[in-house]
Amino acid sequence: MPIQPTTSIWHNGNLIPWEKAQIHVMSHVVHYGSAVFEGIRCYAQPQGAAIFRLQEHMQRLIDSAKIYRMPMPYSLDQLSSAVIELVESNGIAPCYIRPIALRGYGELGVNPKGSPVEVFIGNFPWGKYVAGEGGADVCVSSWNRMAPNTMPSLAKASGNYLNSQLIRMEADVNGYSEGLALDVFGNLSEGSGENIFIVRNGVLFTPPLANSVLSGITRDSVLTLARHLGIPVVEQPLPRELLYIADEVFFTGTAAEVTPIRSVDRVVVADGGVGPITGQISEEFLGIATGLRADRFNWLTPVRVNADQPVTA
Ligand SMILES: Cc1ncc(COP(=O)(O)O)c(C=O)c1O
């Protein structure tokens with residue numbers, strides 16, 4: 001989906017025109033993928049609009065930078081305020097928010113020390129991320145996620161998305177909406193941009209962080225909701241074949257939200273419909289995000305934007 005430009009982008013403390021948010025081709029990030037970023041949703045609500053788990057996203061940005069020894073020039077409060085300022089200034093909700101901290105123009109050796117860190121934040125309208133009405137048809141990728149102690153999967157770093165691109169493109173050329181990767185030991189890991197959940201016999205399973213997954217904020221929200229709904233939750237290494245005999249399978253992610261999976265490698269999950277636990281969690285998640293249910297976990301940051309009709313993007 002093409003990006004729809006908005007009016008302003010936040011850059012190092014100032015709002016600048018969308019077209020002026022540029023970097024030099026010799027910037028470190030262009031050559032070495034040296035950036036960390038976030039993806040956040042702002043939801044339209046009956047009373048206005050609200051950003052979903054803003055602080056947790058900005059904390060993950062700070063954590064990703066720390067893993068890569070990237071000095072972050074702004075505090076958690078400053079980054080969170082910057083997002084609010086931008087969203088209110090551009091006046092678009094619902095929207096997707098993309099903060100990025102990158103190594104800019106300075107030196108071109110691999111060592112990034114001599115290249116300044118620059119922070120940009122943009123936002124724009126964005127629609128459904130994983131295709132498939134009533135459930136996505138996905139495949140297990142021939143590509144693995146990064147091995148432990150190679151590219152750190154807990155950092156949401158630009159370079160990691162080269163691996164994600166291989167997974168996503170392979171799925172695409174083979175006619176699937178998304179690919180699901182194993183880790184290098186053959187355990188289930190995650191999608192190219194989503195965490196994975198499996199329901200079997202009433203228990204909700206998801207791979208632990210040690211299986212090369214990103215510590216998804218939607219993953220955490222779903223685990224919290226499931227515990228509160230009394231659904232037993234287990235984080236443990238999962239074999240690939242559990243996918244084929246699961247009662248329910250779904251993806252989670254800021255972009256994907258809760259996306260039911262209808263089939264894996266053309267093997268239909270149960271009867272191919274959206275399962276009851278997937279439905280219950282999705283309804284609860286979107287209910288809170290869109291302001292139709294109480295924000296009982298304090299996940300929302302209200303923003304002053306004249307929102308359109310609520311859109312489950
Ligand atoms: C590789 C990967 N895994 C999982 C996720 C889900 O994370 P979150 O729920 O924080 O968006 C994402 C999206 O950010 C991702 O890119």
# chains A, B, ... in the order shown; residues from 1 in each chain; ligands from 1
>>> residues_near_ligand(ligand="ligand 1", cutoff="6 Å", atoms="only C-alpha atoms and all ligand atoms", output="list in words")
Gly39, Ser192, Gly193, Glu194, Asn195, Leu214, Gly216, Ile217, Thr218, Arg219, Thr252, Gly253 and Thr254 of chain A
>>> closest_atom_pairs(of="range 48-148 of chain A", to="range 291-294 of chain A", cutoff="10 Å", atoms="only C-alpha atoms", output="CSV")
residue,atom,partner,partner_atom,distance
A:Gly48,CA,A:Gly291,CA,9.1
A:Ala49,CA,A:Gly291,CA,8.5
A:Ala50,CA,A:Gly291,CA,8.3
>>> residues_around(residues="Gly91 in chain A", least_positions_apart="5", cutoff="12 Å", atoms="only C-alpha atoms", output="PyMOL selection string")
chain A and resi 6-8+42+44+48-49+84-86+123-125+303-308
>>> residues_around(residues="Gln55 in chain A", least_positions_apart="5", cutoff="9 Å", atoms="only C-alpha atoms", output="list in words")
Arg60, Leu76, Asp77, Leu79, Ser80, Trp299 and Thr301 of chain A
>>> closest_residue(among="A:Leu242, A:Ile198, A:Thr290, A:Val184", to="Gln47 in chain A", atoms="only C-alpha atoms")
A:Thr290
>>> residues_around(residues="Asp220 in chain A", least_positions_apart="6", cutoff="12 Å", atoms="only C-alpha atoms", output="list in words")
Arg53, Glu56, His57, Asn195, Ile196, Phe197, Thr206, Pro208, Leu209, Leu214, Ala226, Arg227, Val233, Glu235, Thr252, Gly253, Thr254, Phe285, Phe297 and Trp299 of chain A
>>> write_last_selection(atoms="N, CA and C atoms", output="short mmCIF file (atom, residue, chain, number, x, y, z; two decimals), in the first residue's frame")
data_model
loop_
_atom_site.label_atom_id
_atom_site.label_comp_id
_atom_site.auth_asym_id
_atom_site.auth_seq_id
_atom_site.Cartn_x
_atom_site.Cartn_y
_atom_site.Cartn_z
N ARG A 53 -0.43 1.78 23.76
CA ARG A 53 0.79 1.39 24.47
C ARG A 53 2.02 2.20 24.01
N GLU A 56 5.31 1.81 26.14
CA GLU A 56 6.00 0.52 25.94
C GLU A 56 6.74 0.50 24.60
N HIS A 57 6.13 1.10 23.59
CA HIS A 57 6.81 1.16 22.29
C HIS A 57 8.06 2.02 22.37
N ASN A 195 4.10 -12.01 15.85
CA ASN A 195 4.28 -13.17 16.73
C ASN A 195 3.18 -14.19 16.44
N ILE A 196 3.43 -15.41 16.88
CA ILE A 196 2.49 -16.51 16.57
C ILE A 196 1.91 -17.11 17.85
N PHE A 197 0.63 -17.44 17.80
CA PHE A 197 -0.05 -18.12 18.91
C PHE A 197 -0.78 -19.34 18.37
N THR A 206 2.58 -19.94 22.97
CA THR A 206 3.39 -19.07 22.11
C THR A 206 4.87 -19.33 22.40
N PRO A 208 8.69 -18.79 23.44
CA PRO A 208 9.33 -17.84 24.35
C PRO A 208 10.33 -16.94 23.63
N LEU A 209 10.82 -15.91 24.32
CA LEU A 209 11.71 -14.93 23.69
C LEU A 209 13.00 -15.56 23.19
N LEU A 214 10.75 -11.29 18.31
CA LEU A 214 10.68 -9.94 18.86
C LEU A 214 9.71 -9.99 20.04
N ALA A 226 -5.42 -12.88 27.92
CA ALA A 226 -5.74 -14.30 28.09
C ALA A 226 -5.74 -14.66 29.57
N ARG A 227 -4.72 -14.19 30.29
CA ARG A 227 -4.65 -14.50 31.74
C ARG A 227 -5.88 -13.95 32.45
N VAL A 233 -2.13 -20.11 29.72
CA VAL A 233 -1.13 -19.62 28.77
C VAL A 233 0.19 -20.33 29.01
N GLU A 235 4.25 -20.39 27.60
CA GLU A 235 5.33 -19.94 26.72
C GLU A 235 6.39 -21.04 26.74
N THR A 252 -0.10 -12.08 15.96
CA THR A 252 -0.34 -10.80 16.64
C THR A 252 0.75 -9.82 16.22
N GLY A 253 0.39 -8.57 16.18
CA GLY A 253 1.35 -7.51 15.87
C GLY A 253 0.63 -6.18 15.79
N THR A 254 1.39 -5.12 15.90
CA THR A 254 0.77 -3.80 15.81
C THR A 254 0.09 -3.64 14.47
N PHE A 285 -9.26 -7.21 22.57
CA PHE A 285 -8.13 -6.36 22.18
C PHE A 285 -8.63 -5.13 21.42
N PHE A 297 -6.16 -1.78 31.64
CA PHE A 297 -4.72 -1.99 31.85
C PHE A 297 -3.91 -0.71 31.59
N TRP A 299 -3.62 1.16 28.82
CA TRP A 299 -2.85 0.99 27.59
C TRP A 299 -2.97 2.19 26.65
#
>>> atom_distance(atom1="CA of Ile261 in chain A", atom2="CA of Leu182 in chain A")
16.6 Å
>>> closest_residue(among="A:Gly230, A:Pro99, A:Pro152, A:Gly175", to="Glu118 in chain A", atoms="only C-alpha atoms")
A:Pro99
>>> select_by_dssp(residues="range 91-224 of chain A", states="helix (DSSP H, G or I)", output="ChimeraX atom specification")
/A:112-114,160-173,209-211,217-224
>>> atom_distance(atom1="CA of Lys113 in chain A", atom2="CA of Ser64 in chain A")
16.3 Å
>>> residues_around(residues="Arg103 in chain A", least_positions_apart="3", cutoff="8 Å", atoms="only C-alpha atoms", output="list in words")
Ser27, His28, Val29, Ser34, Ala35, Pro112, Ser115, Pro116, Val117 and Glu118 of chain A
>>> write_last_selection(atoms="N, CA and C atoms", output="short mmCIF file (atom, residue, chain, number, x, y, z; two decimals), in the first residue's frame")
data_model
loop_
_atom_site.label_atom_id
_atom_site.label_comp_id
_atom_site.auth_asym_id
_atom_site.auth_seq_id
_atom_site.Cartn_x
_atom_site.Cartn_y
_atom_site.Cartn_z
N SER A 27 24.72 8.26 4.20
CA SER A 27 24.46 8.04 5.63
C SER A 27 24.75 6.58 5.98
N HIS A 28 25.26 6.39 7.18
CA HIS A 28 25.64 5.05 7.65
C HIS A 28 24.49 4.04 7.51
N VAL A 29 23.29 4.48 7.85
CA VAL A 29 22.13 3.58 7.85
C VAL A 29 21.84 3.00 6.47
N SER A 34 21.85 0.46 9.93
CA SER A 34 22.02 0.84 11.33
C SER A 34 20.92 1.78 11.81
N ALA A 35 19.77 1.22 12.06
CA ALA A 35 18.65 2.00 12.59
C ALA A 35 17.81 1.10 13.48
N PRO A 112 30.05 2.53 13.75
CA PRO A 112 29.10 3.63 13.58
C PRO A 112 29.39 4.85 14.45
N SER A 115 29.14 8.55 13.23
CA SER A 115 27.95 9.01 12.49
C SER A 115 26.88 9.45 13.49
N PRO A 116 26.34 10.65 13.33
CA PRO A 116 25.40 11.17 14.33
C PRO A 116 24.10 10.39 14.34
N VAL A 117 23.49 10.28 15.53
CA VAL A 117 22.18 9.63 15.65
C VAL A 117 21.11 10.67 15.37
N GLU A 118 20.22 10.34 14.48
CA GLU A 118 19.10 11.24 14.17
C GLU A 118 17.80 10.51 14.46
#
>>> closest_residue(among="A:Ala82, A:Val203, A:Met151, A:Cys139", to="Met169 in chain A", atoms="only C-alpha atoms")
A:Cys139
>>> atom_distance(atom1="CA of Lys66 in chain A", atom2="CA of Ile40 in chain A")
19.7 Å
>>> closest_residue(among="A:Ile231, A:Leu54, A:Gln78, A:Asp63", to="Arg98 in chain A", atoms="only C-alpha atoms")
A:Leu54
>>> residues_around(residues="Tyr32 in chain A", least_positions_apart="5", cutoff="12 Å", atoms="only C-alpha atoms", output="list of chain:residue names")
A:Val25, A:Met26, A:Ser27, A:Leu102, A:Arg103, A:Gly104, A:Glu107, A:Leu108, A:Gly109, A:Val110, A:Asn111, A:Pro112, A:Ser115, A:Ala157, A:Ser158, A:Gly159, A:Asn160, A:Leu162
>>> write_last_selection(atoms="N, CA and C atoms", output="PDB file, in the first residue's frame")
ATOM      1  N   VAL A  25      22.562  10.036   0.899  1.00  0.00           N
ATOM      2  CA  VAL A  25      22.764   8.649   0.455  1.00  0.00           C
ATOM      3  C   VAL A  25      24.007   8.017   1.111  1.00  0.00           C
ATOM      4  N   MET A  26      24.931   8.852   1.579  1.00  0.00           N
ATOM      5  CA  MET A  26      26.129   8.332   2.233  1.00  0.00           C
ATOM      6  C   MET A  26      25.941   8.156   3.744  1.00  0.00           C
ATOM      7  N   SER A  27      24.716   8.262   4.201  1.00  0.00           N
ATOM      8  CA  SER A  27      24.458   8.043   5.634  1.00  0.00           C
ATOM      9  C   SER A  27      24.748   6.584   5.984  1.00  0.00           C
ATOM     10  N   LEU A 102      18.332   6.602  13.644  1.00  0.00           N
ATOM     11  CA  LEU A 102      19.290   6.060  12.667  1.00  0.00           C
ATOM     12  C   LEU A 102      20.662   6.708  12.796  1.00  0.00           C
ATOM     13  N   ARG A 103      21.644   5.985  12.304  1.00  0.00           N
ATOM     14  CA  ARG A 103      23.005   6.523  12.217  1.00  0.00           C
ATOM     15  C   ARG A 103      23.100   7.290  10.905  1.00  0.00           C
ATOM     16  N   GLY A 104      23.371   8.575  11.015  1.00  0.00           N
ATOM     17  CA  GLY A 104      23.305   9.462   9.850  1.00  0.00           C
ATOM     18  C   GLY A 104      24.613   9.615   9.091  1.00  0.00           C
ATOM     19  N   GLU A 107      30.735   9.207   8.998  1.00  0.00           N
ATOM     20  CA  GLU A 107      31.836   8.379   8.492  1.00  0.00           C
ATOM     21  C   GLU A 107      31.243   7.150   7.823  1.00  0.00           C
ATOM     22  N   LEU A 108      32.025   6.525   6.939  1.00  0.00           N
ATOM     23  CA  LEU A 108      31.446   5.375   6.243  1.00  0.00           C
ATOM     24  C   LEU A 108      32.117   4.040   6.572  1.00  0.00           C
ATOM     25  N   GLY A 109      32.899   3.987   7.653  1.00  0.00           N
ATOM     26  CA  GLY A 109      33.401   2.679   8.093  1.00  0.00           C
ATOM     27  C   GLY A 109      32.285   1.911   8.779  1.00  0.00           C
ATOM     28  N   VAL A 110      32.489   0.628   9.000  1.00  0.00           N
ATOM     29  CA  VAL A 110      31.445  -0.163   9.680  1.00  0.00           C
ATOM     30  C   VAL A 110      31.199   0.369  11.091  1.00  0.00           C
ATOM     31  N   ASN A 111      32.269   0.743  11.801  1.00  0.00           N
ATOM     32  CA  ASN A 111      32.092   1.295  13.149  1.00  0.00           C
ATOM     33  C   ASN A 111      31.207   2.548  13.085  1.00  0.00           C
ATOM     34  N   PRO A 112      30.050   2.528  13.747  1.00  0.00           N
ATOM     35  CA  PRO A 112      29.100   3.632  13.578  1.00  0.00           C
ATOM     36  C   PRO A 112      29.386   4.853  14.449  1.00  0.00           C
ATOM     37  N   SER A 115      29.140   8.550  13.235  1.00  0.00           N
ATOM     38  CA  SER A 115      27.952   9.012  12.491  1.00  0.00           C
ATOM     39  C   SER A 115      26.881   9.451  13.492  1.00  0.00           C
ATOM     40  N   ALA A 157      15.505  -3.765  14.952  1.00  0.00           N
ATOM     41  CA  ALA A 157      16.516  -3.049  14.168  1.00  0.00           C
ATOM     42  C   ALA A 157      16.252  -3.256  12.682  1.00  0.00           C
ATOM     43  N   SER A 158      16.543  -2.228  11.907  1.00  0.00           N
ATOM     44  CA  SER A 158      16.260  -2.268  10.467  1.00  0.00           C
ATOM     45  C   SER A 158      16.891  -3.482   9.799  1.00  0.00           C
ATOM     46  N   GLY A 159      18.156  -3.779  10.143  1.00  0.00           N
ATOM     47  CA  GLY A 159      18.866  -4.887   9.513  1.00  0.00           C
ATOM     48  C   GLY A 159      18.134  -6.223   9.644  1.00  0.00           C
ATOM     49  N   ASN A 160      17.419  -6.414  10.745  1.00  0.00           N
ATOM     50  CA  ASN A 160      16.678  -7.679  10.938  1.00  0.00           C
ATOM     51  C   ASN A 160      15.634  -7.889   9.850  1.00  0.00           C
ATOM     52  N   LEU A 162      15.835  -7.577   6.739  1.00  0.00           N
ATOM     53  CA  LEU A 162      16.285  -8.262   5.520  1.00  0.00           C
ATOM     54  C   LEU A 162      15.842  -9.715   5.605  1.00  0.00           C
TER      55      LEU A 162
END
